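A.B. asks: You'll find model.cif just under this line, and it carries mmCIF, C-alpha atoms.
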data_protein
loop_
_atom_site.group_PDB
_atom_site.id
_atom_site.type_symbol
_atom_site.label_atom_id
_atom_site.label_comp_id
_atom_site.auth_asym_id
_atom_site.auth_seq_id
_atom_site.Cartn_x
_atom_site.Cartn_y
_atom_site.Cartn_z
ATOM 1 C CA MET G 152 -48.060 -1.741 -24.132
ATOM 2 C CA TRP G 153 -46.106 0.214 -26.780
ATOM 3 C CA LEU G 154 -48.250 3.295 -26.225
ATOM 4 C CA GLU G 155 -47.183 3.204 -22.582
ATOM 5 C CA VAL G 156 -43.535 2.867 -23.574
ATOM 6 C CA GLU G 157 -43.934 5.821 -25.898
ATOM 7 C CA SER G 158 -45.640 7.919 -23.258
ATOM 8 C CA TYR G 159 -43.060 7.354 -20.538
ATOM 9 C CA LYS G 160 -39.844 6.451 -22.299
ATOM 10 C CA PHE G 161 -40.025 8.271 -25.648
ATOM 11 C CA ASP G 162 -42.227 11.331 -25.237
ATOM 12 C CA ARG G 163 -40.766 12.456 -21.927
ATOM 13 C CA PRO G 164 -37.145 12.791 -23.031
ATOM 14 C CA MET G 165 -38.226 13.962 -26.473
ATOM 15 C CA SER G 166 -40.352 16.756 -24.972
ATOM 16 C CA VAL G 167 -37.332 18.056 -23.080
ATOM 17 C CA ILE G 168 -35.074 17.800 -26.137
ATOM 18 C CA ILE G 169 -37.610 19.611 -28.329
ATOM 19 C CA TYR G 170 -38.202 22.304 -25.724
ATOM 20 C CA GLN G 171 -34.497 22.861 -25.118
ATOM 21 C CA CYS G 172 -33.361 22.678 -28.753
ATOM 22 C CA LEU G 173 -36.271 24.294 -30.584
ATOM 23 C CA ILE G 174 -38.586 26.261 -28.299
ATOM 24 C CA ILE G 175 -36.137 28.036 -25.990
ATOM 25 C CA PRO G 176 -33.712 29.319 -28.665
ATOM 26 C CA ASN G 177 -36.320 30.043 -31.360
ATOM 27 C CA TYR G 178 -39.293 31.377 -29.419
ATOM 28 C CA LEU G 179 -38.070 32.373 -25.966
ATOM 29 C CA ASP G 180 -34.771 33.982 -26.983
ATOM 30 C CA GLY G 181 -32.927 31.790 -24.507
ATOM 31 C CA GLU G 182 -30.091 29.328 -24.509
ATOM 32 C CA THR G 183 -30.283 25.555 -24.614
ATOM 33 C CA ASP G 184 -29.225 23.815 -21.415
ATOM 34 C CA VAL G 185 -26.813 21.331 -22.971
ATOM 35 C CA LYS G 186 -26.530 19.234 -19.803
ATOM 36 C CA VAL G 187 -30.306 18.745 -19.633
ATOM 37 C CA VAL G 188 -30.407 17.830 -23.317
ATOM 38 C CA GLU G 189 -27.585 15.302 -22.986
ATOM 39 C CA GLU G 190 -29.277 13.645 -19.985
ATOM 40 C CA ASN G 191 -32.450 13.231 -22.022
ATOM 41 C CA VAL G 192 -30.563 12.035 -25.106
ATOM 42 C CA GLU G 193 -29.122 9.277 -22.914
ATOM 43 C CA MET G 194 -32.630 8.318 -21.771
ATOM 44 C CA LEU G 195 -33.783 8.300 -25.390
ATOM 45 C CA LYS G 196 -30.887 6.024 -26.348
ATOM 46 C CA LYS G 197 -32.066 3.482 -23.771
ATOM 47 C CA THR G 198 -35.531 3.601 -25.301
ATOM 48 C CA PHE G 199 -34.081 3.149 -28.772
ATOM 49 C CA GLU G 200 -32.252 0.039 -27.549
ATOM 50 C CA VAL G 201 -35.595 -1.457 -26.532
ATOM 51 C CA TYR G 202 -37.079 -0.456 -29.891
ATOM 52 C CA VAL G 203 -34.129 -2.012 -31.753
ATOM 53 C CA ASP G 204 -34.768 -5.308 -30.008
ATOM 54 C CA ARG G 205 -38.401 -5.241 -31.118
ATOM 55 C CA LEU G 206 -37.847 -3.797 -34.606
ATOM 56 C CA SER G 207 -35.146 -6.330 -35.394
ATOM 57 C CA LYS G 208 -37.891 -8.977 -35.191
ATOM 58 C CA PHE G 209 -40.879 -7.086 -36.603
ATOM 59 C CA LYS G 210 -41.445 -4.261 -39.056
ATOM 60 C CA TYR G 211 -43.554 -2.305 -36.557
ATOM 61 C CA LEU G 212 -43.788 -2.160 -32.785
ATOM 62 C CA SER G 213 -46.992 -4.210 -32.601
ATOM 63 C CA GLY G 214 -45.851 -6.758 -35.166
ATOM 64 C CA ASP G 215 -45.873 -6.809 -38.939
ATOM 65 C CA PHE G 216 -48.742 -4.327 -39.233
ATOM 66 C CA ILE G 217 -48.764 -0.614 -38.565
ATOM 67 C CA SER G 218 -50.797 0.484 -35.565
ATOM 68 C CA LEU G 219 -51.504 3.494 -33.411
ATOM 69 C CA ALA G 220 -48.435 2.550 -31.385
ATOM 70 C CA ASP G 221 -46.289 3.370 -34.419
ATOM 71 C CA LEU G 222 -48.221 6.348 -35.738
ATOM 72 C CA SER G 223 -48.337 8.080 -32.371
ATOM 73 C CA HIS G 224 -44.550 8.461 -32.479
ATOM 74 C CA PHE G 225 -44.736 10.493 -35.665
ATOM 75 C CA PRO G 226 -45.204 14.075 -34.363
ATOM 76 C CA THR G 227 -42.417 13.884 -31.819
ATOM 77 C CA ALA G 228 -40.080 12.065 -34.203
ATOM 78 C CA TYR G 229 -40.781 14.764 -36.782
ATOM 79 C CA TYR G 230 -39.506 17.431 -34.395
ATOM 80 C CA LEU G 231 -36.478 15.315 -33.457
ATOM 81 C CA MET G 232 -35.432 15.635 -37.085
ATOM 82 C CA ALA G 233 -35.336 19.431 -36.667
ATOM 83 C CA THR G 234 -32.909 19.276 -33.747
ATOM 84 C CA PRO G 235 -29.131 18.841 -33.768
ATOM 85 C CA HIS G 236 -29.793 15.306 -32.500
ATOM 86 C CA ALA G 237 -31.429 13.963 -35.666
ATOM 87 C CA SER G 238 -28.215 12.069 -36.425
ATOM 88 C CA LEU G 239 -28.847 9.995 -33.295
ATOM 89 C CA LEU G 240 -31.015 7.774 -35.491
ATOM 90 C CA ASP G 241 -27.926 6.799 -37.492
ATOM 91 C CA GLU G 242 -26.808 4.787 -34.461
ATOM 92 C CA TYR G 243 -30.047 2.779 -34.575
ATOM 93 C CA PRO G 244 -30.672 1.576 -38.154
ATOM 94 C CA HIS G 245 -33.833 -0.375 -37.259
ATOM 95 C CA VAL G 246 -35.345 2.649 -35.551
ATOM 96 C CA LYS G 247 -34.320 4.904 -38.423
ATOM 97 C CA ALA G 248 -35.880 2.539 -40.989
ATOM 98 C CA TRP G 249 -39.074 2.359 -38.914
ATOM 99 C CA ILE G 250 -39.358 6.150 -38.651
ATOM 100 C CA THR G 251 -38.492 6.572 -42.344
ATOM 101 C CA ASP G 252 -41.263 4.128 -43.214
ATOM 102 C CA ILE G 253 -43.780 6.066 -41.136
ATOM 103 C CA PHE G 254 -42.661 9.387 -42.648
ATOM 104 C CA ALA G 255 -43.107 7.960 -46.154
ATOM 105 C CA ARG G 256 -46.797 7.231 -45.638
ATOM 106 C CA PRO G 257 -49.107 9.554 -47.633
ATOM 107 C CA THR G 258 -51.027 10.562 -44.511
ATOM 108 C CA ALA G 259 -47.801 11.445 -42.692
ATOM 109 C CA LYS G 260 -46.787 13.655 -45.608
ATOM 110 C CA LYS G 261 -50.125 15.474 -45.366
ATOM 111 C CA VAL G 262 -49.660 15.968 -41.631
ATOM 112 C CA VAL G 263 -46.160 17.370 -42.223
ATOM 113 C CA GLU G 264 -47.635 19.957 -44.589
ATOM 114 C CA MET G 265 -50.171 20.967 -41.929
ATOM 115 C CA MET G 266 -47.457 21.118 -39.270
ATOM 116 C CA LYS G 267 -45.366 23.411 -41.468
ATOM 117 C CA ALA G 268 -48.346 25.663 -42.056
ATOM 118 C CA THR G 269 -48.880 26.177 -38.343
ATOM 119 C CA ALA G 270 -45.232 26.551 -37.320
#
Now, as a test, write the supplied structure out as structure tokens.

C.D. replies:
Amino acid sequence: MWLEVESYKFDRPMSVIIYQCLIIPNYLDGETDVKVVEENVEMLKKTFEVYVDRLSKFKYLSGDFISLADLSHFPTAYYLMATPHASLLDEYPHVKAWITDIFARPTAKKVVEMMKATA
């Protein structure tokens, strides 16, 4: 279930935010469409509200154990941190703690190094 939520409610707005905030200005020499970004930030906030409800009861989305549902959020969340909207997580302490926990995992650190090498 949480993989479906990620696919439709997390990845979709995040893809737009990443494209608008990172790809267009850095690789396409264009300007970010602020209105489009704000619309998708609002969608992401709704998703974070759902995540807060779950993460206030459990450490991870699937319960008290890490699963693919959690780990699959990592790449997109990593790029969120490179946008001007990284501070959005400050509004959602449970989500921020969850993402921080995932980022702290040794395998996530290795993936970050590989992502930097290919950027």

A.B. asks: Set out as a Markdown table a contact list for range 165-233 of chain G and range 248-263 of chain G with a cut-off of 9 Å, giving each residue of range 165-233 of chain G that qualifies its closest atom pair and distance in Å to one decimal, counting all atoms listed in the file, ordered by chain and rising residue number.

C.D. replies:
| residue | atom | partner | partner_atom | distance |
| --- | --- | --- | --- | --- |
| G:Leu206 | CA | G:Trp249 | CA | 7.6 |
| G:Lys210 | CA | G:Trp249 | CA | 7.0 |
| G:Tyr211 | CA | G:Trp249 | CA | 6.9 |
| G:Leu212 | CA | G:Trp249 | CA | 9.0 |
| G:Ile217 | CA | G:Ile253 | CA | 8.7 |
| G:Asp221 | CA | G:Ile253 | CA | 7.7 |
| G:Leu222 | CA | G:Ile253 | CA | 7.0 |
| G:His224 | CA | G:Ile250 | CA | 8.4 |
| G:Phe225 | CA | G:Ile253 | CA | 7.1 |
| G:Pro226 | CA | G:Val263 | CA | 8.6 |
| G:Ala228 | CA | G:Ile250 | CA | 7.4 |
| G:Tyr229 | CA | G:Val263 | CA | 8.1 |

A.B. asks: Which distance in Å separates CA of Asp162 in chain G and CA of Tyr230 in chain G, to one decimal?

C.D. replies: 11.3 Å

A.B. asks: Counting only C-alpha atoms, which residue out of G:Lys267, G:Lys247, G:Ser213, G:Asp241 sits closest to Met152 in chain G?

C.D. replies: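 Closest residue, counting only C-alpha atoms: G:Ser213.
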
A.B. asks: Which residues would end up in the selection if the PyMOL selection byres ((chain G and resi 183) around 12) were applied here, given that I need the answer as a PyMOL selection string?

C.D. replies: chain G and resi 167-182+184-189+234-235

A.B. asks: Mind pulling up the distance from CA of Glu190 in chain G to CA of His245 in chain G?

C.D. replies: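 Result for CA of His245 in chain G versus CA of Glu190 in chain G: 22.7 Å, one decimal.
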
A.B. asks: Go ahead and fit an axis-aligned box to every listed atom of range 211-230 of chain G plus 8 Å each side, and pass me the centre and edge lengths in Å, one decimal, as AutoDock Vina command-line options.

C.D. replies:
--center_x -45.5 --center_y 5.3 --center_z -35.3 --size_x 28.0 --size_y 40.2 --size_z 23.8

A.B. asks: Take CA of Arg163 in chain G and CA of Ser238 in chain G and report the distance between them in Å, one decimal.

C.D. replies: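 So the answer is 19.2 Å.
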
A.B. asks: Have a look at G:Val246, G:Glu193, G:Tyr202, G:Phe209 and name the one nearest to Val156 in chain G; count all atoms listed in the file.

C.D. replies: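 Comparing G:Val246, G:Glu193, G:Tyr202, G:Phe209 against Val156 in chain G, the winner is G:Tyr202.
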
A.B. asks: Restricting the calculation to only C-alpha atoms, which member of G:Met266, G:Leu219, G:Leu240, G:Leu231 is positioned closest to Pro164 in chain G?

C.D. replies: G:Leu231
